[in-house]
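Below: the structure, in structure tokens.
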Amino acid sequence: MTDETDIVLYGGKGGVGKTTCAAAHALGLAAAGKRTLVVSTDPAHSLGDSFDRSLDADPTEVADALFAVEVDSEAGQEAYRSVVEALVAEFRDAGLPLDESDLERLFDAGLIPGGDEVAALEYIARYADADYDTVVFDTAPTGHTLRLLDLPDVLAETLGVAGDVQRRVRRTARAARSMVLGPAAYWGGGGDDNADAVTTLHDRVEAVGTLLRDPTRTSFRVVCTPERMAIAESERLVARLREAEVPVDALVVNRLFTNPDDCDCARCRRDERRHADRLAAVEGTFDLPVRRVPELDGEAQGMDALERVAGVL
């Protein structure tokens with residue numbers, strides 16, 4: 001076991017094979033003796049299909065030293081509900097009559113944005129220092145991923161405001177009680193656990209933001225296919241990742257037609273030339289190592305298919 005868990009994230013345009021690449025990379029790491037967890041944060045999960053196994057929100061062993069999880073967005077977001085509950089507890093302590101329906105309205109009002117991204121953030125926090133050598137994340141398509149990258153800063157600011165409100169309410173409540181009870185108002189009083197809930201979550205979110213930018217522990221791999229739209233979206237994603245200071249260590253070109261049988265038919269020759277041209281364009285555009293994943297015969301699922309992909313990742 002290493003002292004710290006390494007984090008690898010796979011992202012890119014929808015439909016380019018991120019799940020296959022993430023699953024294959026995780027399988028390769030496990031085969032090399034690293035205790036590995038692969039996590040799907042894509043709301044449209046297909047990680048279980050890759051392994052031909054049913055998965056849920058708890059780690060399931062799918063091979064020796066390899067475990068897999070599909071994020072439960074509702075379960076993930078429950079961790080953040082504590083913020084609203086803590087604020088409501090403070091308001092009640094100050095004498096404001098809030099009931100359960102008020103709590104639900106506060107929670108639904110958007111204090112915690114981006115349900116799927118919040119769940120993904122929670123799972124990164126949950127497993128960042130767990131009992132694994134490496135955690136591989138299969139992220140949602142580009143738009144979700146970019147929101148995920150922004151979320152630590154957004155939530156840190158939101159939680160900072162929540163903490164300020166909480167402290168002001170507490171001071172007001174204590175001042176009011178002291179007028180009636182005198183020094184006894186400062187004994188007991190609750191609220192400390194609630195304050196800890198907000199502070200702890202604020203620190204947890206900030207820690208994830210720092211982790212995502214730590215090149216000694218985190219790497220992001222952008223997946224594309226040799227198609228113009230996928231390449232263009234990958235270029236934008238790499239630029240955005242670098243702007244966010246998230247370390248990108250490779251570009252993966254998936255489903256690359258290489259004509260291994262040297263077929264002389266017009267279609268094979270055409271696809272071979274087109275993919276060779278697109279690969280040359282990728283290598284000329286990106287200043288990143290390029291991993292080439294050949295197009296697989298049949299469906300890219302099951303252990304045999306993943307083992308073939310793992311060899312190039």
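Naming scheme: A, B, ... for chains in displayed order of the structure tokens; residues 1 onward per chain; ligands 1 onward as shown.
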Q: Would you kindly return, as a list in words, each protein, DNA or RNA residue with an atom no farther than 9 Å from any atom of Glu295 in chain A, considering only C-alpha atoms and excluding same-chain residues fewer than 3 positions away?
A: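 Residues meeting the cut-off are Asn254, Arg255, Leu256, Phe257, Thr258 and Ala300 of chain A.
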Q: Determine the nearest neighbour of Arg213 in chain A from the options A:Pro294, A:Ala57, A:Ala276, A:Val8, counting only C-alpha atoms.
A: A:Val8
Just want the 9 Å neighbourhood of Pro247 in chain A, counted on only C-alpha atoms, with same-chain residues fewer than 3 positions away dropped. Output as an mmCIF file with N, CA, C and O atoms, in the first residue's frame.
data_model
loop_
_atom_site.group_PDB
_atom_site.id
_atom_site.type_symbol
_atom_site.label_atom_id
_atom_site.label_comp_id
_atom_site.auth_asym_id
_atom_site.auth_seq_id
_atom_site.Cartn_x
_atom_site.Cartn_y
_atom_site.Cartn_z
ATOM 1 N N LEU A 212 -7.754 17.864 -6.531
ATOM 2 C CA LEU A 212 -7.932 17.844 -7.980
ATOM 3 C C LEU A 212 -6.838 18.616 -8.712
ATOM 4 O O LEU A 212 -6.622 18.411 -9.901
ATOM 5 N N ARG A 213 -6.139 19.490 -8.006
ATOM 6 C CA ARG A 213 -5.085 20.301 -8.610
ATOM 7 C C ARG A 213 -3.688 19.838 -8.217
ATOM 8 O O ARG A 213 -2.696 20.500 -8.554
ATOM 9 N N ASP A 214 -3.599 18.716 -7.514
ATOM 10 C CA ASP A 214 -2.319 18.238 -6.996
ATOM 11 C C ASP A 214 -1.681 17.274 -7.996
ATOM 12 O O ASP A 214 -2.112 16.121 -8.124
ATOM 13 N N PRO A 215 -0.631 17.696 -8.718
ATOM 14 C CA PRO A 215 -0.025 16.830 -9.741
ATOM 15 C C PRO A 215 0.704 15.623 -9.169
ATOM 16 O O PRO A 215 1.025 14.692 -9.899
ATOM 17 N N THR A 218 -2.949 13.480 -8.554
ATOM 18 C CA THR A 218 -4.077 13.468 -9.484
ATOM 19 C C THR A 218 -3.612 13.603 -10.922
ATOM 20 O O THR A 218 -2.711 14.387 -11.224
ATOM 21 N N SER A 219 -4.246 12.843 -11.802
ATOM 22 C CA SER A 219 -4.023 13.019 -13.241
ATOM 23 C C SER A 219 -5.360 12.853 -13.965
ATOM 24 O O SER A 219 -6.206 12.070 -13.549
ATOM 25 N N PHE A 220 -5.530 13.629 -15.016
ATOM 26 C CA PHE A 220 -6.755 13.595 -15.810
ATOM 27 C C PHE A 220 -6.390 13.123 -17.215
ATOM 28 O O PHE A 220 -5.421 13.614 -17.809
ATOM 29 N N ARG A 221 -7.153 12.179 -17.736
ATOM 30 C CA ARG A 221 -6.943 11.687 -19.093
ATOM 31 C C ARG A 221 -8.176 12.003 -19.934
ATOM 32 O O ARG A 221 -9.293 11.634 -19.564
ATOM 33 N N LEU A 241 -9.280 22.409 -18.429
ATOM 34 C CA LEU A 241 -8.604 21.721 -17.331
ATOM 35 C C LEU A 241 -7.340 22.470 -16.917
ATOM 36 O O LEU A 241 -7.057 22.639 -15.721
ATOM 37 N N ARG A 242 -6.597 22.917 -17.904
ATOM 38 C CA ARG A 242 -5.369 23.659 -17.587
ATOM 39 C C ARG A 242 -5.681 24.999 -16.943
ATOM 40 O O ARG A 242 -4.963 25.443 -16.042
ATOM 41 N N ALA A 244 -8.112 25.491 -15.015
ATOM 42 C CA ALA A 244 -8.476 25.158 -13.635
ATOM 43 C C ALA A 244 -7.312 24.550 -12.858
ATOM 44 O O ALA A 244 -7.461 24.173 -11.700
#
(Q) Calculated over only C-alpha atoms, which of the candidates A:Val135, A:Leu151, A:Ala119, A:Val205 has the smallest distance to Ala23 in chain A? (A) A:Val135
Q) What is the distance between CA of His275 in chain A and CA of Ala305 in chain A, in Å to one decimal? A) 21.2 Å
